Every structure is written in C-alpha cells, then in structure tokens.
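Novice: Before we start, here is the structure in question, set down as structure tokens.
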Amino acid sequence: MVPSIRQQYNQAFTETTYQQYLNELNSLHPGAIEFRVAETPVFIDRSFKEKILSTCESIVDVITQPGFPARSAHAIPAGLHVPNETSFSQFIAFDFGICENESGDLEPQLIEMQGFPTLFGYQVWQDDCCRRHFHIPDHYSTYLNGLTRDTYLQLLREVILGKHAPEEVILLEILPHQQKTRIDFYCTADYTGIPIVCLTELQQEGRRLFYEKDGKKMPVKRIYNRIIFDELQQQAAEIQEKGKLLFQDLDVEWVPHPNWFYRISKHSLPFIQHPYVPPATFLSDLHSIPANLEDYVLKPLFSFAGQGVVIDVTQADIEGVKDRENWILQRKVKYANVIQTPDNDAAKAEIRIFYFWKDGTVRPVPVNNLARLSKGKMIGVRYNKDKTWVGGSLVYFEQ
C-alpha cells in the first residue's frame with residue numbers, strides 16, 4: 001500500500017526477528033494464541049484511510065437514523081430476542097477488503113459489519129510487540145481519531161465498565177477458555193480488571209445474576225457480552241438449558257446488547273447505498289436471477305466467520321434456498337493482491353475498523369483496527385493452510 005515502507009520492511013525482515021516477535025506475543029498468556037499471526041502489518045496512507053473512515057461514517061449515519069430500529073427489527077431471529085435492549089450498540093466492527101476496481105485502482109469495499117465486540121484487548125498487545133521487533137514509522141499508528149495507547153485503553157475501560165466497579169462487570173462467553181479468541185479475553189481482563197465468566201458458572205436469584213470469586217458470591221451488574229447466540233443453539237443440551245436464563249427479564253446491563261449482533265449485520269447491507277459498499281439484495285426481494293452470477297456471492301444472514309458463504313454461485317444454489325428472507329445476494333468484489341511478500345506471492349488484506357460508542361455520546365467513533373492477510377480464495381485460517389505471510393495482523397495508518 002505504501003511502496004517505500006513495504007520495500008524497507010521486506011528488506012529488513014528476517015525469520016529470526018519474526019520468531020522473536022511470536023515468542024513475545026505468546027509470552028503474555030502462553031498457549032492462548034491458536035490462530036496464525038502474519039509476518040507483517042499493513043501500511044495504509046492517509047488518503048486510503050479517509051476513504052475507509054468516510055464510508056464508516058456514512059454507514060453510521062444510516063444506523064443512527066430514527067427509523068433504523070424498526071427497519072432492523074426483522075433481523076433478530078425468532079426465539080433469539082433478548083429483553084431490555086439498549087438504544088444503541090456500544091461496539092461496532094466494519095470489515096473492508098482492499099479491492100481492485102474495474103480501472104485497476106485500489107479502493108476499500110465493505111464486506112461485513114457487526115454490532116459486536118472483536119479483539120479489542122489483544123490488538124493493544126500486538127501493537128506493543130510489533131513496534132518492539134519491527135521498524136514502524138513514527139507517523140503511522142494503529143489507533144484512530146487521535147487516540148493513543150493510553151487514551152484508547154481508558155476509553156475501552158469506560159465503555160465496558162460504565163458506572164460500575166470491575167468486579168461487578170463480567171466478560172461472558174460459552175466455555176471461554178476453549179475459544180480460539182481467548183487471548184483477547186485474557187488481555188481484556190488484564191487491561192480492565194473484569195473477570196472472565198463462563199455461562200455455566202452464572203447463578204440466578206430472581207432477576208439478579210451472580211458469579212463466584214474466591215468462594216464469595218459476587219453480583220453481576222453489567223455483562224460484556226461475547227456470546228454469539230447462534231452458537232448457543234449448537235451447544236450441549238445442558239448449556240442450552242443454562243442459556244435460557246439470558247432470555248429472561250434480568251436486572252443487568254448489557255454491553256453490547258445481544259440483539260445488536262443481528263441489527264448491525266449483513267441484514268443491513270441492502271439498505272446502504274455507497275460506492276464502497278457492494279450492492280446487496282435479500283433473496284426474498286430478488287425478482288429475477290442475474291445472468292452474470294459469476295459477479296455475485298451468496299451469503300446467509302445468520303453465520304459467522306464466513307461459514308455458509310457461496311463464492312461460485314449457481315442458479316441451483318439460489319433456487320435451493322428455502323428461507324429466502326435469510327439470505328442476500330451481494331455484488332462480488334475483487335480482492336487485490338496488494339501486500340508484496342518476499343516469496344513473490346502477494347497477499348490479499350481485509351481490515352476491520354473498531355468503533356466505540358460511549359454511553360451519553362451522540363454517535364460512535366473510530367478507535368482501532370485489526371487486519372487479516374490471505375493468499376487463499378477467502379480470508380480465514382481454513383483457506384490459508386501451509387501458507388506464509390498470512391494470518392492475523394494490524395494496520396498502521398498514516399497520521
């Protein structure tokens with residue numbers, strides 16, 4: 001993306017330095033990083049950064065419209081509506097591919113968005129380690145909106161904790177110590193002081209929830225929610241049974257509320273018109289099947305990490321969908337082979353922009369990011385086996 005920086009980085013890169021980088025990354029919580037970590041960050045100049053952020057702001061304009069709650073009401077699947085919904089999601093993530101348009105120019109294209117947390121804690125640690133082992137220009141930063149490491153962490157704590165003490169707030173997940181993203185849970189606990197609690201450990205008394213710490217029953221006043229409720233339905237019967245308590249009228253605050261995982265999601269894509277947002281249509285609104293299906297991708301609304309996505313769409317794929325209101329047909333984008341690597345096999349890149357929405361403010365703000373590099377057909381570990389210069393990373397933006 002920035003040829004001079006890329007050339008300098010690749011020339012200075014050594015496998016020894018990379019291994020030292022990995023060793024430090026893993027030293028904080030040994031064994032907690034299961035995903036592959038890429039050999040390089042992504043460097044983005046100011047112009048491309050502004051294209052991404054202006055797109056995000058246009059989408060935020062849509063999300064903050066008075067009519068958005070009514071329009072997105074059908075996004076929440078039957079049986080998964082949780083009471084006491086908040087008026088907004090404190091966390092939003094926007095995923096962009098670095099793409100090539102018909103003229104061969106690079107541009108961002110929105111791939112997906114989520115009203116849900118992501119690796120907010122781990123990315124701080126990754127930036128710390130990356131800067132210690134590789135040369136990162138001083139005028140490039142992973143943080144956005146003028147934030148620094150310290151001010152970002154302060155804002156993260158404020159949004160997660162609200163008005164409560166750390167021991168009154170829990171990071172809630174299903175079997176958290178078995179999740180591939182558990183490194184982020186541990187980093188979040190380090191930075192905020194909140195405990196990590198498994199759904200199975202919750203205790204209920206009327207409308208109140210408790211967890212146990214050092215043999216003492218502790219009240220839960222606020223939940224930093226990391227449970228994807230689709231996945232709750234795929235758990236063992238005893239975990240599903242335990243999960244039923246979350247659908248009750250509880251005396252607890254959510255950050256973010258589970259309903260926003262569905263409201264801000266692929267379900268919103270058909271409502272957004274922007275040059276950097278590929279046009280999308282609900283299959284239920286599709287009057288005729290396009291002749292050029294090779295230019296489209298078929299996506300289920302309720303899936304995670306790319307599961308169920310059909311890249312090479314056929315007419316039979318579309319005709320075989322029964323619940324057409326739960327699928328979208330989206331214009332395909334062309335990921336650019338933009339990250340030059342020493343083996344001359346360029347990598348594609350996807351950027352996730354973090355937005356935080358603090359209680360009492362009028363709209364969310366951009367704060368940080370992560371990146372994922374790929375040489376496969378799709379972004380993700382399962383599509384990049386036995387490849388190098390792929391995996392989890394971060395973007396350094398020109399300031």
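Residue numbering restarts at 1 in every chain; chains get A, B, ... in the order shown in the structure tokens, and ligands count up from 1 in that same order.
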Tell me, as a list of chain:residue names, which residues lie within 10 Å of Val277 in chain A, counting only C-alpha atoms; anything in the same chain fewer than 5 positions away does not count.
Specialist: A:Thr55, A:Cys56, A:Ile59, A:Phe96, A:Pro108, A:Gln109, A:Leu110, A:Ile111, A:Glu112, A:Leu269, A:Pro270, A:Ile272, A:Gln330, A:Arg331, A:Val333
Novice: Once DSSP has gone over the backbone, tell me which residues of range 25-267 of chain A are in helix (DSSP H, G or I), as an MDAnalysis selection string.
Specialist: chainID A and resid 25:27 46:63 68:71 73:75 122:133 149:161 166:168 176:178 182:192 199:201 229:232 237:247 260:263 266:267
Novice: With only C-alpha atoms as the counted atoms, please give the residues lying no more than 7 Å from Tyr355 in chain A, apart from itself and same-chain residues fewer than 2 positions off, as a list in words.
Specialist: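 Once the nearby chain positions are removed, what remains is Phe91, Ile92, Ala93, Ile353, Trp357, Pro364, Val365, Pro366 and Val367 of chain A.
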Novice: Pick the closest to Ala316 in chain A from A:Val62, A:Val2, A:Ile174, A:Leu298: which is it, counting only C-alpha atoms?
Specialist: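 Going through A:Val62, A:Val2, A:Ile174, A:Leu298 one by one, the smallest distance to Ala316 in chain A is for A:Leu298.
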Novice: Can you work out the spacing between CA of Ile351 in chain A and CA of Gly67 in chain A in Å, to one decimal?
Specialist: 28.7 Å
Novice: Please provide as an NGL selection string all residues within 9 Å of range 154-170 of chain A, with the sequence filter that same-chain residues fewer than 3 positions apart are discarded (counting only C-alpha atoms).
Specialist: :A and (90-91 or 120-121 or 149-151 or 191-197 or 211 or 218-225 or 255-256 or 356-359)
Novice: Any idea what's packed within 9 Å of Phe282 in chain A, counting only C-alpha atoms, ignoring anything in its chain fewer than 2 positions away? Could you give it as number ranges by chain?
Specialist: A: 267, 270, 280, 284-286, 324-330
Novice: Measure the distance from CA of Leu293 in chain A to CA of Thr314 in chain A in Å and round it to one decimal.
Specialist: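 The value is 6.6 Å.
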Novice: Name the residues in contact with Arg132 in chain A at a cut-off of 12 Å, using only C-alpha atoms, excluding same-chain residues fewer than 4 positions from it; report them as a list in words.
Specialist: Thr17, Tyr18, Gln20, Tyr21, Leu22, Glu24, Leu25, Trp125, Gln126, Asp127, Asp128 and Ile136 of chain A
Novice: Which residue out of A:Phe48, A:Phe88, A:Tyr143, A:Tyr122 has the minimum interatomic distance to Tyr276 in chain A when only C-alpha atoms are used?
Specialist: A:Phe48
Novice: Taking the DSSP assignment computed from this structure's backbone, write out as a ChimeraX atom specification all residues of range 55-205 of chain A that belong to strand (DSSP E or B).
Specialist: /A:91-100,106-114,140-141,169-173,196-198,203-205
Novice: With C-alpha atoms retained, export the selected residues as a PDB file, in the first residue's frame.
Specialist:
```
ATOM      1  CA  PHE A  91     -19.324  -1.675  19.807  1.00  0.00           C
ATOM      2  CA  ILE A  92     -19.386  -1.882  16.021  1.00  0.00           C
ATOM      3  CA  ALA A  93     -16.873  -3.505  13.676  1.00  0.00           C
ATOM      4  CA  PHE A  94     -16.663  -2.776   9.943  1.00  0.00           C
ATOM      5  CA  ASP A  95     -14.813  -5.241   7.678  1.00  0.00           C
ATOM      6  CA  PHE A  96     -13.296  -3.892   4.453  1.00  0.00           C
ATOM      7  CA  GLY A  97     -11.460  -5.703   1.714  1.00  0.00           C
ATOM      8  CA  ILE A  98      -8.650  -3.889  -0.088  1.00  0.00           C
ATOM      9  CA  CYS A  99     -10.012  -4.303  -3.585  1.00  0.00           C
ATOM     10  CA  GLU A 100      -9.295  -3.503  -7.193  1.00  0.00           C
ATOM     11  CA  LEU A 106      -7.297   0.251  -5.227  1.00  0.00           C
ATOM     12  CA  GLU A 107     -10.349   1.022  -3.114  1.00  0.00           C
ATOM     13  CA  PRO A 108     -11.958  -0.250   0.096  1.00  0.00           C
ATOM     14  CA  GLN A 109     -15.107  -2.348  -0.183  1.00  0.00           C
ATOM     15  CA  LEU A 110     -17.283  -3.196   2.802  1.00  0.00           C
ATOM     16  CA  ILE A 111     -17.539  -6.953   3.302  1.00  0.00           C
ATOM     17  CA  GLU A 112     -19.485  -7.168   6.537  1.00  0.00           C
ATOM     18  CA  MET A 113     -20.277  -5.378   9.780  1.00  0.00           C
ATOM     19  CA  GLN A 114     -21.117  -6.437  13.313  1.00  0.00           C
ATOM     20  CA  TYR A 140       1.972   5.722  11.496  1.00  0.00           C
ATOM     21  CA  SER A 141      -0.370   4.422  14.198  1.00  0.00           C
ATOM     22  CA  VAL A 169     -18.806  -6.448  35.369  1.00  0.00           C
ATOM     23  CA  ILE A 170     -18.119  -9.797  33.701  1.00  0.00           C
ATOM     24  CA  LEU A 171     -16.837 -10.896  30.311  1.00  0.00           C
ATOM     25  CA  LEU A 172     -19.405 -13.578  29.459  1.00  0.00           C
ATOM     26  CA  GLU A 173     -18.744 -16.371  26.970  1.00  0.00           C
ATOM     27  CA  ILE A 196     -13.942 -13.943  32.624  1.00  0.00           C
ATOM     28  CA  VAL A 197     -17.059 -15.975  33.377  1.00  0.00           C
ATOM     29  CA  CYS A 198     -18.492 -18.976  31.571  1.00  0.00           C
ATOM     30  CA  GLN A 203     -26.088 -18.212  39.362  1.00  0.00           C
ATOM     31  CA  GLN A 204     -29.583 -16.725  39.328  1.00  0.00           C
ATOM     32  CA  GLU A 205     -31.707 -15.390  42.159  1.00  0.00           C
TER      33      GLU A 205
END
```
Novice: Compile the contact shell of Glu102 in chain A as a PDB file with all heavy atoms, in the first residue's frame: residues with an atom at most 12 Å away, counting only C-alpha atoms, same-chain residues fewer than 6 positions apart removed.
Specialist:
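The resulting around_11.pdb:
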```pdb
ATOM      1  N   VAL A 333     -16.698  -8.611  -4.992  1.00  0.00           N
ATOM      2  CA  VAL A 333     -15.594  -7.668  -5.116  1.00  0.00           C
ATOM      3  C   VAL A 333     -14.326  -8.441  -5.472  1.00  0.00           C
ATOM      4  O   VAL A 333     -14.232  -9.650  -5.244  1.00  0.00           O
ATOM      5  CB  VAL A 333     -15.372  -6.872  -3.817  1.00  0.00           C
ATOM      6  CG1 VAL A 333     -16.597  -6.042  -3.488  1.00  0.00           C
ATOM      7  CG2 VAL A 333     -15.016  -7.791  -2.658  1.00  0.00           C
ATOM      8  N   LYS A 334     -13.370  -7.732  -6.017  1.00  0.00           N
ATOM      9  CA  LYS A 334     -12.104  -8.360  -6.392  1.00  0.00           C
ATOM     10  C   LYS A 334     -11.016  -7.908  -5.427  1.00  0.00           C
ATOM     11  O   LYS A 334     -10.559  -6.770  -5.465  1.00  0.00           O
ATOM     12  CB  LYS A 334     -11.725  -7.967  -7.829  1.00  0.00           C
ATOM     13  CG  LYS A 334     -10.430  -8.609  -8.312  1.00  0.00           C
ATOM     14  CD  LYS A 334     -10.068  -8.144  -9.713  1.00  0.00           C
ATOM     15  CE  LYS A 334      -8.754  -8.771 -10.182  1.00  0.00           C
ATOM     16  NZ  LYS A 334      -8.362  -8.277 -11.527  1.00  0.00           N
ATOM     17  N   TYR A 335     -10.643  -8.817  -4.522  1.00  0.00           N
ATOM     18  CA  TYR A 335      -9.557  -8.506  -3.606  1.00  0.00           C
ATOM     19  C   TYR A 335      -8.267  -8.306  -4.404  1.00  0.00           C
ATOM     20  O   TYR A 335      -7.967  -9.091  -5.326  1.00  0.00           O
ATOM     21  CB  TYR A 335      -9.344  -9.643  -2.608  1.00  0.00           C
ATOM     22  CG  TYR A 335     -10.317  -9.657  -1.456  1.00  0.00           C
ATOM     23  CD1 TYR A 335     -11.594 -10.189  -1.606  1.00  0.00           C
ATOM     24  CD2 TYR A 335      -9.956  -9.156  -0.219  1.00  0.00           C
ATOM     25  CE1 TYR A 335     -12.487 -10.219  -0.542  1.00  0.00           C
ATOM     26  CE2 TYR A 335     -10.840  -9.184   0.856  1.00  0.00           C
ATOM     27  CZ  TYR A 335     -12.104  -9.712   0.681  1.00  0.00           C
ATOM     28  OH  TYR A 335     -12.983  -9.730   1.729  1.00  0.00           O
ATOM     29  N   ALA A 336      -7.530  -7.288  -4.040  1.00  0.00           N
ATOM     30  CA  ALA A 336      -6.265  -7.005  -4.733  1.00  0.00           C
ATOM     31  C   ALA A 336      -5.127  -7.786  -4.086  1.00  0.00           C
ATOM     32  O   ALA A 336      -5.066  -7.916  -2.858  1.00  0.00           O
ATOM     33  CB  ALA A 336      -5.965  -5.508  -4.681  1.00  0.00           C
TER      34      ALA A 336
END
```
Novice: Could the residues of range 288-364 of chain A that have an atom at most 12 Å from range 35-42 of chain A be listed as a Markdown table, each with its closest atom pair and the distance in Å to one decimal, counting only C-alpha atoms and ordered by chain and ascending residue number?
Specialist:
```
| residue | atom | partner | partner_atom | distance |
| --- | --- | --- | --- | --- |
| A:Val338 | CA | A:Val42 | CA | 9.7 |
| A:Ile339 | CA | A:Val42 | CA | 7.6 |
| A:Gln340 | CA | A:Thr40 | CA | 10.2 |
| A:Thr341 | CA | A:Thr40 | CA | 9.0 |
| A:Pro342 | CA | A:Glu39 | CA | 10.6 |
| A:Ala347 | CA | A:Ala38 | CA | 10.5 |
| A:Lys348 | CA | A:Val42 | CA | 10.4 |
| A:Ala349 | CA | A:Val42 | CA | 8.0 |
| A:Glu350 | CA | A:Val42 | CA | 9.7 |
| A:Ile351 | CA | A:Val42 | CA | 9.0 |
| A:Arg352 | CA | A:Val42 | CA | 11.9 |
```
Novice: Using CA of Cys187 in chain A and CA of Val390 in chain A as the two end points, give the distance in Å to one decimal.
Specialist: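 Computed distance, CA of Cys187 in chain A to CA of Val390 in chain A, equals 22.7 Å.
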Novice: Tell me which of A:Ile5, A:Lys266, A:Asp249, A:Asn384 sits closest to Pro279 in chain A, counting only C-alpha atoms.
Specialist: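 Ranking A:Ile5, A:Lys266, A:Asp249, A:Asn384 by distance to Pro279 in chain A, first place goes to A:Lys266.
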